[in-house]
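Novice: What follows is structure-v3.cif, mmCIF, C-alpha atoms.
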data_target
loop_
_atom_site.label_atom_id
_atom_site.label_comp_id
_atom_site.auth_asym_id
_atom_site.auth_seq_id
_atom_site.Cartn_x
_atom_site.Cartn_y
_atom_site.Cartn_z
CA MET A 1 142.70 225.26 -90.11
CA SER A 2 146.39 224.98 -89.34
CA PHE A 3 148.61 222.10 -90.27
CA GLU A 4 148.60 221.01 -86.62
CA SER A 5 144.86 221.03 -86.22
CA ASP A 6 144.46 219.12 -89.49
CA LEU A 7 146.82 216.52 -88.09
CA LEU A 8 144.93 216.45 -84.82
CA ALA A 9 141.71 215.76 -86.73
CA ILE A 10 143.10 212.66 -88.44
CA LEU A 11 145.18 211.54 -85.46
CA PRO A 12 142.68 208.90 -84.26
CA ARG A 13 142.87 207.20 -87.66
CA LEU A 14 146.65 207.47 -87.74
CA ARG A 15 146.86 205.75 -84.37
CA ARG A 16 144.63 203.00 -85.64
CA PHE A 17 146.82 202.50 -88.70
CA ALA A 18 149.95 202.46 -86.53
CA ALA A 19 148.39 199.85 -84.26
CA SER A 20 147.48 197.61 -87.19
CA LEU A 21 151.06 197.73 -88.48
CA SER A 22 152.74 197.23 -85.12
CA ARG A 23 153.07 194.20 -82.91
CA ASP A 24 151.21 195.83 -80.04
CA ARG A 25 149.58 199.05 -78.98
CA ALA A 26 152.62 200.49 -77.26
CA ASP A 27 154.74 200.05 -80.38
CA GLY A 28 151.90 201.51 -82.41
CA ASP A 29 151.83 204.68 -80.34
CA ASP A 30 155.60 205.00 -80.52
CA LEU A 31 155.34 204.74 -84.28
CA CYS A 32 152.51 207.26 -84.43
CA GLN A 33 154.41 209.72 -82.26
CA ALA A 34 157.50 209.37 -84.45
CA ALA A 35 155.42 209.93 -87.59
CA LEU A 36 153.96 213.13 -86.10
CA GLU A 37 157.41 214.40 -85.22
CA LYS A 38 158.64 213.64 -88.69
CA ALA A 39 155.61 215.30 -90.29
CA LEU A 40 156.17 218.47 -88.25
CA ARG A 41 159.80 218.59 -89.33
CA ALA A 42 158.92 217.90 -92.98
CA ARG A 43 155.83 220.12 -93.16
CA ASP A 44 157.32 222.13 -96.02
CA GLN A 45 157.12 219.04 -98.19
CA TRP A 46 153.39 218.73 -97.68
CA GLN A 47 151.49 220.13 -100.66
CA PRO A 48 148.28 221.83 -99.63
CA GLY A 49 145.37 220.53 -101.66
CA THR A 50 146.61 216.95 -101.58
CA ARG A 51 145.42 214.47 -99.01
CA LEU A 52 147.07 214.87 -95.65
CA ASP A 53 145.97 211.41 -94.49
CA SER A 54 147.65 209.67 -97.45
CA TRP A 55 150.80 211.69 -96.85
CA MET A 56 150.81 210.69 -93.19
CA TYR A 57 150.11 207.03 -93.97
CA ARG A 58 153.14 207.11 -96.26
CA ILE A 59 155.40 208.71 -93.65
CA MET A 60 154.29 206.23 -91.03
CA ARG A 61 154.66 203.25 -93.28
CA ASN A 62 158.19 204.28 -94.29
CA LEU A 63 159.22 204.75 -90.66
CA TRP A 64 157.78 201.37 -89.85
CA ILE A 65 159.69 199.69 -92.68
CA ASP A 66 162.94 201.34 -91.55
CA GLU A 67 162.32 200.31 -87.96
CA GLY A 68 161.58 196.74 -89.07
CA ARG A 69 164.92 196.55 -90.83
CA SER A 70 166.84 197.78 -87.83
CA ARG A 71 164.88 195.42 -85.58
CA GLN A 72 165.79 192.51 -87.83
CA ARG A 73 169.42 193.55 -87.71
CA ALA A 74 169.28 193.75 -83.95
CA ALA A 75 167.60 190.36 -83.71
CA ARG A 76 170.30 188.78 -85.85
CA THR A 77 173.01 190.48 -83.84
CA PHE A 78 171.83 189.75 -80.35
CA ALA A 79 169.35 186.93 -79.99
CA PRO A 80 166.64 184.99 -81.77
CA GLU A 81 163.36 186.80 -81.74
CA GLU A 82 161.74 184.37 -79.29
CA ALA A 83 164.51 185.01 -76.79
CA GLY A 84 163.99 188.71 -77.38
CA GLU A 85 160.45 188.34 -76.14
CA HIS A 86 161.75 187.63 -72.67
CA VAL A 87 164.77 189.86 -72.31
CA GLY A 88 165.15 193.57 -72.46
CA HIS A 89 161.54 194.46 -71.79
CA ALA A 90 160.92 198.15 -71.42
CA GLY A 91 159.16 197.43 -68.15
CA ASP A 92 155.62 196.50 -67.31
CA ARG A 93 154.18 198.53 -70.16
CA ASP A 94 155.43 195.96 -72.66
CA MET A 95 154.34 192.97 -70.68
CA GLU A 96 150.87 194.30 -70.32
CA ALA A 97 150.68 194.79 -74.06
CA HIS A 98 151.84 191.24 -74.67
CA VAL A 99 149.24 189.79 -72.41
CA MET A 100 146.53 191.68 -74.25
CA LEU A 101 147.64 190.54 -77.70
CA SER A 102 144.60 189.04 -79.39
CA ASP A 103 144.20 186.49 -82.16
CA VAL A 104 143.83 189.24 -84.72
CA ASP A 105 146.99 190.99 -83.51
CA ARG A 106 148.93 187.76 -83.70
CA ALA A 107 147.60 186.86 -87.14
CA MET A 108 148.38 190.31 -88.51
CA HIS A 109 151.86 190.12 -87.06
CA ALA A 110 152.44 186.78 -88.74
CA LEU A 111 151.91 188.31 -92.20
CA PRO A 112 154.83 189.47 -94.31
CA ASP A 113 155.17 193.25 -94.04
CA GLU A 114 154.05 193.91 -97.60
CA GLN A 115 150.81 192.00 -97.07
CA ARG A 116 150.14 193.51 -93.66
CA GLU A 117 150.42 197.08 -94.88
CA ALA A 118 148.10 196.39 -97.81
CA ILE A 119 145.54 194.72 -95.53
CA ALA A 120 145.80 197.53 -92.98
CA LEU A 121 145.20 200.28 -95.53
CA VAL A 122 142.29 198.62 -97.32
CA LEU A 123 140.51 196.50 -94.70
CA VAL A 124 141.16 198.58 -91.60
CA GLU A 125 141.54 202.12 -92.93
CA GLY A 126 139.05 201.64 -95.72
CA LEU A 127 141.17 203.16 -98.49
CA SER A 128 140.31 202.37 -102.08
CA TYR A 129 142.72 200.16 -104.00
CA LYS A 130 143.90 203.19 -105.95
CA GLU A 131 144.60 205.22 -102.81
CA ALA A 132 146.33 202.33 -101.09
CA ALA A 133 148.51 201.61 -104.14
CA GLU A 134 149.56 205.27 -104.17
CA VAL A 135 150.47 205.27 -100.49
CA LEU A 136 152.58 202.16 -100.97
CA GLY A 137 154.01 203.26 -104.30
CA VAL A 138 153.10 200.02 -106.07
CA PRO A 139 150.96 199.26 -109.15
CA MET A 140 147.34 198.25 -108.57
CA GLY A 141 148.04 194.68 -109.69
CA THR A 142 150.72 194.32 -107.05
CA LEU A 143 148.40 195.67 -104.39
CA THR A 144 145.55 193.32 -105.31
CA SER A 145 147.78 190.25 -105.35
CA ARG A 146 149.10 191.19 -101.88
CA LEU A 147 145.54 191.56 -100.70
CA VAL A 148 144.62 188.14 -102.04
CA ARG A 149 147.60 186.44 -100.42
CA GLY A 150 147.29 188.35 -97.17
CA ARG A 151 143.62 187.55 -96.82
CA GLY A 152 144.23 183.89 -97.58
CA ALA A 153 146.85 183.77 -94.86
CA LEU A 154 144.65 185.57 -92.32
CA ILE A 155 141.71 183.27 -92.96
CA GLU A 156 143.97 180.30 -92.42
CA LEU A 157 145.53 181.77 -89.26
CA LEU A 158 142.23 182.82 -87.77
CA GLY A 159 140.59 179.51 -88.66
CA GLU A 160 136.87 178.95 -89.04
CA ALA A 161 136.08 181.85 -86.78
CA ALA A 162 137.21 184.33 -89.42
CA MET B 1 132.14 180.07 -112.73
CA THR B 2 135.70 179.27 -113.69
CA ASP B 3 136.42 182.87 -114.67
CA ILE B 4 135.58 184.13 -111.16
CA ASP B 5 138.84 184.14 -109.27
CA GLU B 6 139.64 185.05 -105.69
CA ALA B 7 140.70 188.57 -106.64
CA LEU B 8 137.27 189.26 -108.13
CA LEU B 9 135.47 187.96 -105.03
CA ILE B 10 137.64 190.11 -102.83
CA ALA B 11 137.13 193.16 -105.03
CA LEU B 12 133.39 192.57 -104.74
CA VAL B 13 133.62 192.61 -100.95
CA ASP B 14 135.84 195.71 -101.06
CA GLY B 15 133.41 197.55 -103.35
CA GLU B 16 136.03 197.90 -106.05
CA LEU B 17 134.15 196.48 -109.05
CA ASP B 18 132.61 198.57 -111.77
CA GLU B 19 128.87 198.17 -112.24
CA VAL B 20 129.03 195.65 -115.09
CA THR B 21 131.60 193.41 -113.45
CA ARG B 22 129.83 193.61 -110.12
CA ARG B 23 126.59 192.34 -111.63
CA ARG B 24 128.42 189.53 -113.37
CA VAL B 25 130.18 188.41 -110.20
CA GLU B 26 127.04 188.73 -108.10
CA ARG B 27 125.15 186.54 -110.55
CA ALA B 28 127.87 183.92 -110.44
CA VAL B 29 127.91 184.02 -106.64
CA ALA B 30 124.14 183.66 -106.47
CA ASP B 31 124.35 180.52 -108.63
CA ASP B 32 127.17 178.86 -106.73
CA PRO B 33 127.00 178.15 -102.99
CA ALA B 34 130.74 177.49 -102.85
CA LEU B 35 131.46 180.96 -104.22
CA ALA B 36 128.87 182.46 -101.91
CA GLU B 37 130.58 180.87 -98.97
CA ARG B 38 133.93 182.33 -99.99
CA VAL B 39 132.42 185.80 -100.36
CA GLU B 40 130.86 185.45 -96.94
CA MET B 41 134.20 184.40 -95.49
CA HIS B 42 135.90 187.48 -96.93
CA ARG B 43 133.13 189.71 -95.64
CA ARG B 44 133.53 188.27 -92.16
CA LEU B 45 137.28 188.76 -92.27
CA ARG B 46 136.93 192.37 -93.31
CA GLU B 47 134.37 192.98 -90.61
CA ARG B 48 136.45 191.26 -87.96
CA LEU B 49 139.55 193.29 -88.76
CA SER B 50 137.77 196.60 -88.91
CA ASP B 51 135.85 195.85 -85.68
CA HIS B 52 139.06 194.85 -83.98
CA TYR B 53 140.84 198.13 -84.66
CA ALA B 54 137.79 200.41 -84.58
CA PRO B 55 137.89 201.15 -80.82
CA ILE B 56 141.31 202.77 -81.19
CA GLU B 57 139.78 205.50 -83.28
CA MET B 58 137.30 206.28 -80.51
CA GLU B 59 139.89 206.59 -77.76
CA PRO B 60 141.18 209.97 -76.65
CA VAL B 61 144.61 210.43 -78.17
CA PRO B 62 147.59 210.31 -75.79
CA ALA B 63 148.58 213.59 -74.18
CA GLY B 64 152.10 213.40 -75.58
CA MET B 65 150.77 213.47 -79.14
CA ARG B 66 148.37 216.27 -78.38
CA ALA B 67 151.12 218.29 -76.78
CA LEU B 68 153.15 217.87 -79.95
CA LEU B 69 150.39 219.39 -82.05
CA ASN B 70 149.56 222.10 -79.59
CA GLU B 71 151.04 225.04 -81.40
CA SER B 72 147.79 226.00 -83.03
CA GLY B 73 146.72 228.42 -80.33
CA LYS B 74 144.84 226.50 -77.73
CA ILE B 75 145.99 224.07 -75.16
CA VAL B 76 143.91 220.96 -75.16
CA PRO B 77 143.32 219.30 -71.82
CA LEU B 78 145.28 216.15 -71.11
CA ALA B 79 143.45 213.19 -72.53
CA ARG B 80 144.12 210.25 -70.32
CA PRO B 81 144.63 206.77 -71.67
CA ALA B 82 142.91 203.86 -69.98
CA ALA B 83 143.72 203.81 -66.30
CA SER B 84 145.77 200.63 -66.20
CA ARG B 85 147.98 201.77 -69.05
CA TRP B 86 148.42 205.16 -67.45
CA ARG B 87 149.44 203.67 -64.11
CA SER B 88 152.01 201.39 -65.64
CA TRP B 89 153.30 204.32 -67.65
CA SER B 90 153.77 206.39 -64.53
CA MET B 91 155.64 203.64 -62.78
CA GLY B 92 157.88 202.99 -65.75
CA GLY B 93 158.39 206.70 -66.13
CA ALA B 94 159.31 207.23 -62.52
CA ILE B 95 161.90 204.49 -62.68
CA ALA B 96 163.22 205.76 -65.98
CA ALA B 97 163.25 209.32 -64.68
CA SER B 98 165.36 208.39 -61.69
CA LEU B 99 167.72 206.52 -63.98
CA VAL B 100 167.99 209.49 -66.29
CA PHE B 101 168.51 211.79 -63.35
CA GLY B 102 171.30 209.59 -62.04
CA LEU B 103 172.91 209.62 -65.45
CA VAL B 104 172.78 213.33 -66.04
CA SER B 105 173.85 214.22 -62.55
CA GLY B 106 176.69 211.74 -62.85
CA LEU B 107 177.87 212.76 -66.28
CA GLY B 108 176.06 215.46 -68.10
CA ILE B 109 175.07 218.15 -65.67
CA GLY B 110 178.55 218.82 -64.44
CA HIS B 111 179.58 219.73 -67.93
CA LEU B 112 176.35 221.48 -68.73
CA SER B 113 176.44 223.55 -65.60
CA ASN B 114 180.07 224.53 -65.99
CA ARG B 115 179.15 226.22 -69.21
CA PRO B 116 177.34 229.52 -68.77
CA ASP B 117 175.37 228.85 -71.96
CA GLY B 118 174.13 225.43 -70.86
CA PRO B 119 170.44 224.96 -69.98
CA VAL B 120 170.97 224.01 -66.34
CA ALA B 121 173.00 225.23 -63.38
CA ILE B 122 173.37 223.63 -59.98
CA GLU B 123 172.41 226.09 -57.25
CA ASN B 124 172.34 224.98 -53.63
CA GLY B 125 172.16 221.39 -54.74
CA ALA B 126 169.18 221.92 -57.03
CA MET B 127 169.06 221.91 -60.83
CA MET B 128 167.97 225.34 -61.93
CA ALA B 129 167.16 226.40 -65.48
CA GLN B 130 169.42 229.09 -66.87
CA GLY B 131 170.06 230.89 -70.13
CA ALA B 132 167.77 230.15 -73.05
CA LEU B 133 165.83 227.53 -71.12
CA ALA B 134 165.13 229.90 -68.23
CA SER B 135 164.01 232.66 -70.55
CA ALA B 136 161.78 230.29 -72.53
CA LEU B 137 160.18 229.18 -69.26
CA ASP B 138 159.77 232.80 -68.17
CA THR B 139 158.40 234.32 -71.32
CA GLN B 140 157.36 231.83 -73.95
CA LEU B 141 153.70 230.97 -74.33
CA ALA B 142 152.80 227.52 -75.58
CA SER B 143 150.28 229.24 -77.81
CA ALA B 144 152.87 231.39 -79.63
CA GLN B 145 156.19 229.79 -80.33
CA ALA B 146 156.42 229.17 -84.07
CA ASP B 147 160.09 228.29 -84.50
CA ALA B 148 161.50 228.61 -81.01
CA PRO B 149 164.46 226.31 -80.31
CA ILE B 150 162.92 225.32 -76.99
CA ARG B 151 159.22 224.55 -77.08
CA ILE B 152 156.91 224.78 -74.14
CA GLY B 153 154.49 221.86 -73.91
CA LEU B 154 152.07 222.31 -71.05
CA SER B 155 151.80 224.82 -68.25
CA PHE B 156 150.05 223.62 -65.12
CA ARG B 157 149.66 224.12 -61.39
CA ARG B 158 151.29 221.50 -59.25
CA LYS B 159 149.84 219.83 -56.21
CA GLY B 160 150.75 221.99 -53.24
CA GLY B 161 150.78 225.13 -55.38
CA GLY B 162 153.05 226.83 -57.89
CA TRP B 163 153.45 226.70 -61.64
CA CYS B 164 155.25 224.04 -63.66
CA ARG B 165 155.96 223.87 -67.36
CA SER B 166 157.13 221.08 -69.62
CA PHE B 167 159.67 221.91 -72.29
CA GLN B 168 161.18 220.24 -75.30
CA GLY B 169 164.44 221.14 -76.98
CA GLN B 170 166.99 219.57 -79.29
CA ALA B 171 169.31 218.50 -76.51
CA VAL B 172 167.06 218.11 -73.50
CA SER B 173 163.39 217.92 -72.63
CA GLY B 174 161.75 217.85 -69.26
CA VAL B 175 159.67 219.58 -66.64
CA ALA B 176 160.54 222.60 -64.49
CA CYS B 177 158.63 224.21 -61.61
CA ARG B 178 158.76 227.76 -60.34
CA GLU B 179 160.92 228.21 -57.25
CA GLY B 180 161.37 231.78 -56.06
CA GLU B 181 162.56 233.78 -59.05
CA GLY B 182 163.81 230.77 -60.96
CA TRP B 183 162.78 227.43 -62.39
CA GLN B 184 163.82 224.24 -60.70
CA VAL B 185 164.21 221.42 -63.16
CA GLN B 186 162.23 218.40 -61.98
CA GLN B 187 163.16 216.12 -64.78
CA LEU B 188 165.59 216.14 -67.65
CA VAL B 189 165.51 213.60 -70.46
CA PRO B 190 167.28 213.51 -73.85
CA GLY B 191 165.65 215.98 -76.22
CA ALA B 192 164.07 215.59 -79.63
CA GLY B 193 167.38 215.78 -81.46
CA GLN B 194 168.95 212.80 -79.72
CA GLY B 195 169.15 209.55 -81.60
CA THR B 196 167.38 208.69 -84.80
CA ALA B 197 165.41 205.70 -83.58
CA TYR B 198 161.91 206.94 -82.87
CA ARG B 199 161.63 204.69 -79.89
CA GLN B 200 164.17 206.75 -78.01
CA ALA B 201 162.65 210.09 -78.79
CA SER B 202 159.17 209.08 -77.80
CA SER B 203 160.07 207.17 -74.65
CA GLY B 204 161.37 210.51 -73.37
CA ASP B 205 157.94 211.98 -74.03
CA ALA B 206 156.27 209.19 -72.10
CA GLN B 207 158.56 209.88 -69.16
CA VAL B 208 157.76 213.56 -69.26
CA MET B 209 154.04 212.82 -69.40
CA ALA B 210 154.38 210.53 -66.39
CA THR B 211 156.10 213.29 -64.44
CA ILE B 212 153.40 215.76 -65.39
CA ASP B 213 150.78 213.32 -64.24
CA ALA B 214 152.51 212.93 -60.90
CA LEU B 215 152.75 216.69 -60.35
CA ILE B 216 149.64 218.16 -61.90
CA MET B 217 146.66 219.46 -60.00
CA GLY B 218 143.53 219.75 -62.10
CA ASP B 219 143.82 220.49 -65.80
CA PRO B 220 146.66 222.18 -67.66
CA ALA B 221 146.31 225.90 -68.26
CA ASP B 222 144.56 227.08 -71.39
CA ALA B 223 146.01 229.91 -73.44
CA ALA B 224 144.32 232.64 -71.35
CA GLN B 225 145.37 231.15 -68.01
CA GLU B 226 148.89 230.66 -69.27
CA SER B 227 149.11 234.24 -70.44
CA ALA B 228 147.75 235.51 -67.11
CA ALA B 229 150.25 233.41 -65.19
CA LYS B 230 153.08 234.82 -67.26
CA SER B 231 151.90 238.37 -66.58
CA GLY B 232 151.81 237.55 -62.88
CA GLY B 233 155.42 236.36 -62.92
CA TRP B 234 154.41 232.70 -62.48
CA ARG B 235 153.51 233.24 -58.82
#
Please re-express this file's structure in structure tokens.

Specialist:
Amino acid sequence: MSFESDLLAILPRLRRFAASLSRDRADGDDLCQAALEKALRARDQWQPGTRLDSWMYRIMRNLWIDEGRSRQRAARTFAPEEAGEHVGHAGDRDMEAHVMLSDVDRAMHALPDEQREAIALVLVEGLSYKEAAEVLGVPMGTLTSRLVRGRGALIELLGEAA
Amino acid sequence: MTDIDEALLIALVDGELDEVTRRRVERAVADDPALAERVEMHRRLRERLSDHYAPIEMEPVPAGMRALLNESGKIVPLARPAASRWRSWSMGGAIAASLVFGLVSGLGIGHLSNRPDGPVAIENGAMMAQGALASALDTQLASAQADAPIRIGLSFRRKGGGWCRSFQGQAVSGVACREGEGWQVQQLVPGAGQGTAYRQASSGDAQVMATIDALIMGDPADAAQESAAKSGGWR
């Protein structure tokens, strides 16, 4: 198995993780694509015998954090985020994605980043607490308290239907 | 009951408790309907989230991502996203492609084509590949290009006949089709090395995929077909 075919095998899960981090599917695929490109460039840093999926989750999560910072900067510089929803669309692709945004998407997006990534790794990707804490580079206690707060917030946001 | 906190209930749902603790929490939950209700709520939340994102894992992955990973020897057929998404992609891509074309023909190509080592020359009003790009299009197989500066993505037959190939380089990416003895560039977008924001890099890929979709007839060539086409001089 080559590096590329190993990546191809876990790609469906990586796309799912990207979607759960991102505000919509189009952003998720952009993130996933960027993570693949980065992984191919940084392949020498991958240590065979360790878990490729955890390594990829980490790359993707770091890209996403960086992107979030630059998006916040841009939002402060140009317009409030709500205004940003209506200007500068990258065409119909974006609008379609917005229309399809579901309750779960919206609730996930309302979470602070640190809670969303913990929720995504454990509840969506099914990682153990230990694996998720390693991906995020935080102690187990930190991870579990983010899970508790994130779940509380989601249950509130999603109401009785949760 | 007081020593059962939310974190323990959640860890129970997540299967993270050791055997002894699990039994203790389960006993407490069985004795207390309020606790049981909270556990049920957390179970439903976990199920709802995982159900919500599960379909993504079942979808075929986008062709752009596959193309990126296609150096392992075989060329995987284009996996198409849901039709509506694909259509809107193509439209966006076509608009973006014409914009990009206007830009490069207005600014970039003049400079590029004045330099004999640039990737593109203008011949009889058409953009033709030259230099390293032309030779990559002529000779490089998508199945064998470990560290080539220009990477070939897909090779395919276009509607109306003739071979086309997508390429990706540091400076420019795009699609070129065989014309006579050369390669006419159909589309040129900024390459992988332009800009650090991932959005920019990957929107170029989406544009290229939209162009491929507009041109392609049938499926892209597999490694054997690609090799045969190369031997036949891409005729």

Novice: Quick one: distance from CA of Lys230 (chain B) to CA of Ala192 (chain B) in Å, one decimal?

Specialist: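 Going from CA of Lys230 (chain B) over to CA of Ala192 (chain B), I get 25.4 Å.
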
Novice: Decode the PyMOL selection byres ((chain A and resi 60) around 8) for the given file into explicit residues and return them as a ChimeraX atom specification.

Specialist: /A:18,31-32,34-35,56-59,61-64

Novice: Evaluated on this file, the PyMOL selection byres ((chain B and resi 11) around 10) picks out some residues - which ones are they, written as a list of chain:residue names?

Specialist: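 Evaluating the PyMOL selection byres ((chain B and resi 11) around 10) on these coordinates yields A:Tyr129, A:Thr144, A:Leu147, A:Val148, B:Glu6, B:Ala7, B:Leu8, B:Leu9, B:Ile10, B:Leu12, B:Val13, B:Asp14, B:Gly15, B:Glu16, B:Leu17, B:Asp18, B:Arg22, B:Val25, B:Val39, B:His42.
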
Novice: Put those residues in a file: C-alpha atoms, as a PDB file, in the coordinates of the input.

Specialist:
ATOM      1  CA  TYR A 129     142.720 200.160-104.000  1.00  0.00           C
ATOM      2  CA  THR A 144     145.550 193.320-105.310  1.00  0.00           C
ATOM      3  CA  LEU A 147     145.540 191.560-100.700  1.00  0.00           C
ATOM      4  CA  VAL A 148     144.620 188.140-102.040  1.00  0.00           C
TER       5      VAL A 148
ATOM      6  CA  GLU B   6     139.640 185.050-105.690  1.00  0.00           C
ATOM      7  CA  ALA B   7     140.700 188.570-106.640  1.00  0.00           C
ATOM      8  CA  LEU B   8     137.270 189.260-108.130  1.00  0.00           C
ATOM      9  CA  LEU B   9     135.470 187.960-105.030  1.00  0.00           C
ATOM     10  CA  ILE B  10     137.640 190.110-102.830  1.00  0.00           C
ATOM     11  CA  LEU B  12     133.390 192.570-104.740  1.00  0.00           C
ATOM     12  CA  VAL B  13     133.620 192.610-100.950  1.00  0.00           C
ATOM     13  CA  ASP B  14     135.840 195.710-101.060  1.00  0.00           C
ATOM     14  CA  GLY B  15     133.410 197.550-103.350  1.00  0.00           C
ATOM     15  CA  GLU B  16     136.030 197.900-106.050  1.00  0.00           C
ATOM     16  CA  LEU B  17     134.150 196.480-109.050  1.00  0.00           C
ATOM     17  CA  ASP B  18     132.610 198.570-111.770  1.00  0.00           C
ATOM     18  CA  ARG B  22     129.830 193.610-110.120  1.00  0.00           C
ATOM     19  CA  VAL B  25     130.180 188.410-110.200  1.00  0.00           C
ATOM     20  CA  VAL B  39     132.420 185.800-100.360  1.00  0.00           C
ATOM     21  CA  HIS B  42     135.900 187.480 -96.930  1.00  0.00           C
TER      22      HIS B  42
END

Novice: Could you tell me which of A:Ile65, A:Leu40, A:Ser5, A:Gly159 comes closest to Asp103 (chain A) if we count all atoms listed in the file?

Specialist: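 Result for the nearest residue to Asp103 (chain A): A:Gly159.
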
Novice: Which residues fall under the PyMOL selection byres ((chain A and resi 151) around 10) in this file, as a ChimeraX atom specification?

Specialist: /A:108,111,115-116,118-119,123,145-150,152-157 /B:10,42,45-46
